[in-house]
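S.K.: Let me give you the structure first, and then I'll get to my questions.
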Amino acid sequence: MRLGQTSIIHFASRFSSSVLGFVATVFIGRILGSDGLGTYYLVLSMIAWLGILTKMGVPGAITKRISEGESQSAYAIAGVSISTILFVAVAMCVLLFRESVNSYIGYPATEFVVLLLFVNLGQSLVNAVLKGQNLVHVSGIFSPIRTGTRSIIQISTLFVGFGLVGLFAGYTLGYALVAVLGTWIVVRNFDRISLPRRSHFESIISYAKFSWIGSLRSRAFNWVDVSILGFFVSSSLVGIYTAAWNVAVFLILFGGSLSQTLFPEMSSLSADEDREAVADLFETALAFAGLILIPGLVGGTILGERLLRVYGEEFSRGAVVLSVLIVATLIQGYQRQFTNTLNAIDRPDLSFRINAVFILGNVVLNLSIIPHFGVIGAATATAASVAVSLGMAYAMLSSLITFSIPIEEIAKQWMAAAIMGLFVYAGVWMESTYSIVGINIVILFALVGIGATVYFTTLLAISRRFRKTIADNLPA
């Protein structure tokens with residue numbers, strides 16, 4: 001399958017997953033309010049942080065070693081064994097400090113934290129093997145299955161009054177389902193099953209000792225601000241902030257799909273010492289990393305209040321936060337391509353340094369700014385720290401491979417987004433000037449549809465590279 005088609009399938013799957021997750025979050029916000037939503041996301045933030053300790057870079061190491069094509073089942077078993085030991089240790093610590101955990105969350109959720117941590121780890125390990133087997137599109141298809149199952153159960157249990165317990169049950173069943181299905185596919189795709197030797201464990205650990213900070217970096221980008229906000233602001237404001245994050249997450253999906261699709265290919269080329277081909281793939285990643293993010297920033301800024309009002313009137317206060325968070329995701333979209341390429345060419349040590357700088361900067365800035373500026377400060381701190389890490393990533397990768405930034409293609413995306421913005425703003429102006437009465441979500445979808453049509457039509461007209469990419473990846 002062509003790389004472009006794989007990226008599109010993976011993106012479409014993750015987009016569908018995010019839509020389902022968005023719908024579930026809207027129901028949670030409307031039924032439990034911003035306070036209930038905030039409590040749920042504090043639990044998820046704890047899962048994210050504890051998940052780093054149970055994985056310690058092992059999933060990334062599994063993907064890398066399996067993608068190299070030798071002893072695949074042995075590397076998979078070695079990685080799963082290491083993570084299982086780590087999980088048992090972390091779970092015991094969580095249960096030991098249950099009172100502190102419950103106090104921070106504001107809800108007796110310790111046992112749920114352990115359960116959610118287990119299914120999350122299982123799904124991550126299965127996904128890592130699938131990606132290493134070049135089945136990125138399959139792992140992507142599992143995403144809407146997982147989120148759809150989770151969302152259906154969560155919404156159903158909310159209506160019958162199970163509250164937060166229903167949310168945790170939906171999360172558990174959704175993740176457990178795809179872990180089981182993924183395991184079946186993974187085992188079938190191994191040529192033969194072989195037990196790992198000491199060298200396999202050492203190889204996993206040698207890569208994981210640097211790549212673990214990549215997971216920490218991902219968690220820091222998504223959860224540092226939420227976790228620190230939990231100490232300084234109310235659950236209600238945490239709920240508003242996470243609602244804005246949910247909207248911003250839509251926009252980073254394509255860049256993530258692109259990097260995950262290209263990683264096994266880059267890794268294989270790097271193993272063959274074909275750095276020029278790696279550079280070509282990297283330039284392609286940069287050319288399209290902002291394909292969705294750039295118009296998303298323009299449209300999100302214009303429609304911010306309307307987007308958040310879908311969750312409920314109280315959430316519209318987060319419009320400014322949403323704009324800043326979209327800026328952060330735009331920068332992150334490009335930065336991810338740099339660190340992804342460094343990992344693919346087997347330089348996780350450099351990614352380690354970049355991610356360490358981001359994490360330290362993000363924590364320090366959030367702790368410094370949040371007490372004074374609240375949720376806006378949290379969004380600003382995240383955007384500033386990821387910008388610093390992007391500059392560092394550029395300097396390090398440019399010292400290893402020769403590449404050029406596709407400035408012309410990126411500029412065309414901004415041009416198309418600007419034209420789109422004029423149409424969307426005109427639609428908003430007409431609706432407010434002539435007092436057109438309608439349901440907010442209907443008007444919102446109409447404006448988003450108009451904007452997307454204008455953007456892609458304009459880009460097709462002005463970008464030869466975009467037209468060629470579309471043509472090359474159409475089904476035969």
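A note on labels: chains of the structure tokens are A, B, ... as shown, every chain counts residues from 1, and ligands are counted from 1 in their shown order.
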Taking the DSSP assignment computed from this structure's backbone, write out as a ChimeraX atom specification all residues of stretch 52-237 of chain A that belong to helix (DSSP H, G or I).
M.R.: /A:52-55,58-67,72-96,98-105,110-132,136-159,164-189,198-232,235-237
S.K.: Just want the 7 Å neighbourhood of A:Ile354, counted on only C-alpha atoms, with same-chain residues fewer than 2 positions away dropped. Output as a list in words.
M.R.: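 Contacts, with the query itself left out: Leu350, Ser351, Phe352, Ala356, Val357, Phe358, Ser389, Met392 and Ala393 of chain A.
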S.K.: When distances are computed from only C-alpha atoms, which of A:Gly421, A:Gly449, A:Gly230, A:Gly391 shows the smallest separation from A:Met46?
M.R.: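 Checking each candidate against A:Met46, we get A:Gly230 as the closest.
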S.K.: Hey, what's within 7 Å of stretch 163-179 of chain A if we count only C-alpha atoms and toss same-chain stuff fewer than 3 positions away? As a list in words, please?
M.R.: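 Within the cut-off, the hits are Phe112, Leu116, Val119, Asn120, Gly122, Gln123, Val126, Phe142, Arg146, Thr147, Thr149, Arg150, Ser151, Ile153, Gln154, Thr157, Leu158, Gly182 and Thr183 of chain A.
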S.K.: What separation in Å, quoted to one decimal, exists between atom CA of A:Phe162 and atom CA of A:Ser143?
M.R.: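 According to the coordinates, atom CA of A:Phe162 and atom CA of A:Ser143 are separated by 24.8 Å.
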S.K.: Find, counting only C-alpha atoms, the residue in A:Leu297, A:Leu281, A:Leu237, A:Ile331 that gets nearest to A:Leu37.
M.R.: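 Closest residue, counting only C-alpha atoms: A:Leu237.
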S.K.: Measuring between only C-alpha atoms, which one of A:Ala208, A:Ala471, A:Ala416, A:Ile443 shows the shortest distance to A:Leu53?
M.R.: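 Checking each of A:Ala208, A:Ala471, A:Ala416, A:Ile443 against A:Leu53, counting only C-alpha atoms, the winner is A:Ala208.
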S.K.: Find the residues near A:Val386: any atom within 9 Å, counting only C-alpha atoms, skip ones fewer than 6 places away on the same chain, and give them as a list in words.
M.R.: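 Within the cut-off, the hits are Phe221, Ala328, Thr329, Ile331, Gln332, Gln335, Phe358, Ile359, Gly361 and Asn362 of chain A.
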S.K.: Output N, CA, C and O atoms for every residue in the selection just made, as a CSV table (one decimal), in the first residue's frame.
M.R.:
chain,number,residue,atom,x,y,z
A,221,PHE,N,3.2,17.4,26.7
A,221,PHE,CA,2.5,18.3,25.8
A,221,PHE,C,1.0,18.3,26.1
A,221,PHE,O,0.3,19.3,26.1
A,328,ALA,N,-0.1,26.1,19.7
A,328,ALA,CA,0.8,25.1,20.3
A,328,ALA,C,0.8,23.8,19.5
A,328,ALA,O,1.9,23.2,19.2
A,329,THR,N,-0.4,23.4,19.0
A,329,THR,CA,-0.5,22.2,18.2
A,329,THR,C,0.2,22.3,16.9
A,329,THR,O,0.7,21.4,16.3
A,331,ILE,N,2.8,24.3,16.1
A,331,ILE,CA,4.2,24.1,16.3
A,331,ILE,C,4.6,22.7,16.6
A,331,ILE,O,5.6,22.2,16.1
A,332,GLN,N,3.8,22.0,17.4
A,332,GLN,CA,4.0,20.6,17.7
A,332,GLN,C,4.0,19.7,16.5
A,332,GLN,O,4.7,18.8,16.4
A,335,GLN,N,7.3,20.0,14.9
A,335,GLN,CA,8.4,19.5,15.8
A,335,GLN,C,8.4,18.0,15.8
A,335,GLN,O,9.4,17.3,15.9
A,358,PHE,N,12.1,20.4,26.4
A,358,PHE,CA,10.7,20.8,26.3
A,358,PHE,C,10.0,20.5,27.6
A,358,PHE,O,9.3,21.4,28.1
A,359,ILE,N,10.2,19.3,28.2
A,359,ILE,CA,9.5,19.0,29.4
A,359,ILE,C,9.9,19.9,30.6
A,359,ILE,O,9.0,20.4,31.3
A,361,GLY,N,11.2,22.9,30.4
A,361,GLY,CA,10.6,24.3,30.1
A,361,GLY,C,9.1,24.3,30.3
A,361,GLY,O,8.6,25.3,30.9
A,362,ASN,N,8.4,23.3,29.9
A,362,ASN,CA,7.0,23.2,30.1
A,362,ASN,C,6.6,23.3,31.6
A,362,ASN,O,5.6,24.0,32.0
S.K.: Rank A:Ser203, A:Asn366, A:Ser398, A:Thr63 by their smallest atom-to-atom distance to A:Ser227, using only C-alpha atoms, and report the top residue only.
M.R.: A:Asn366
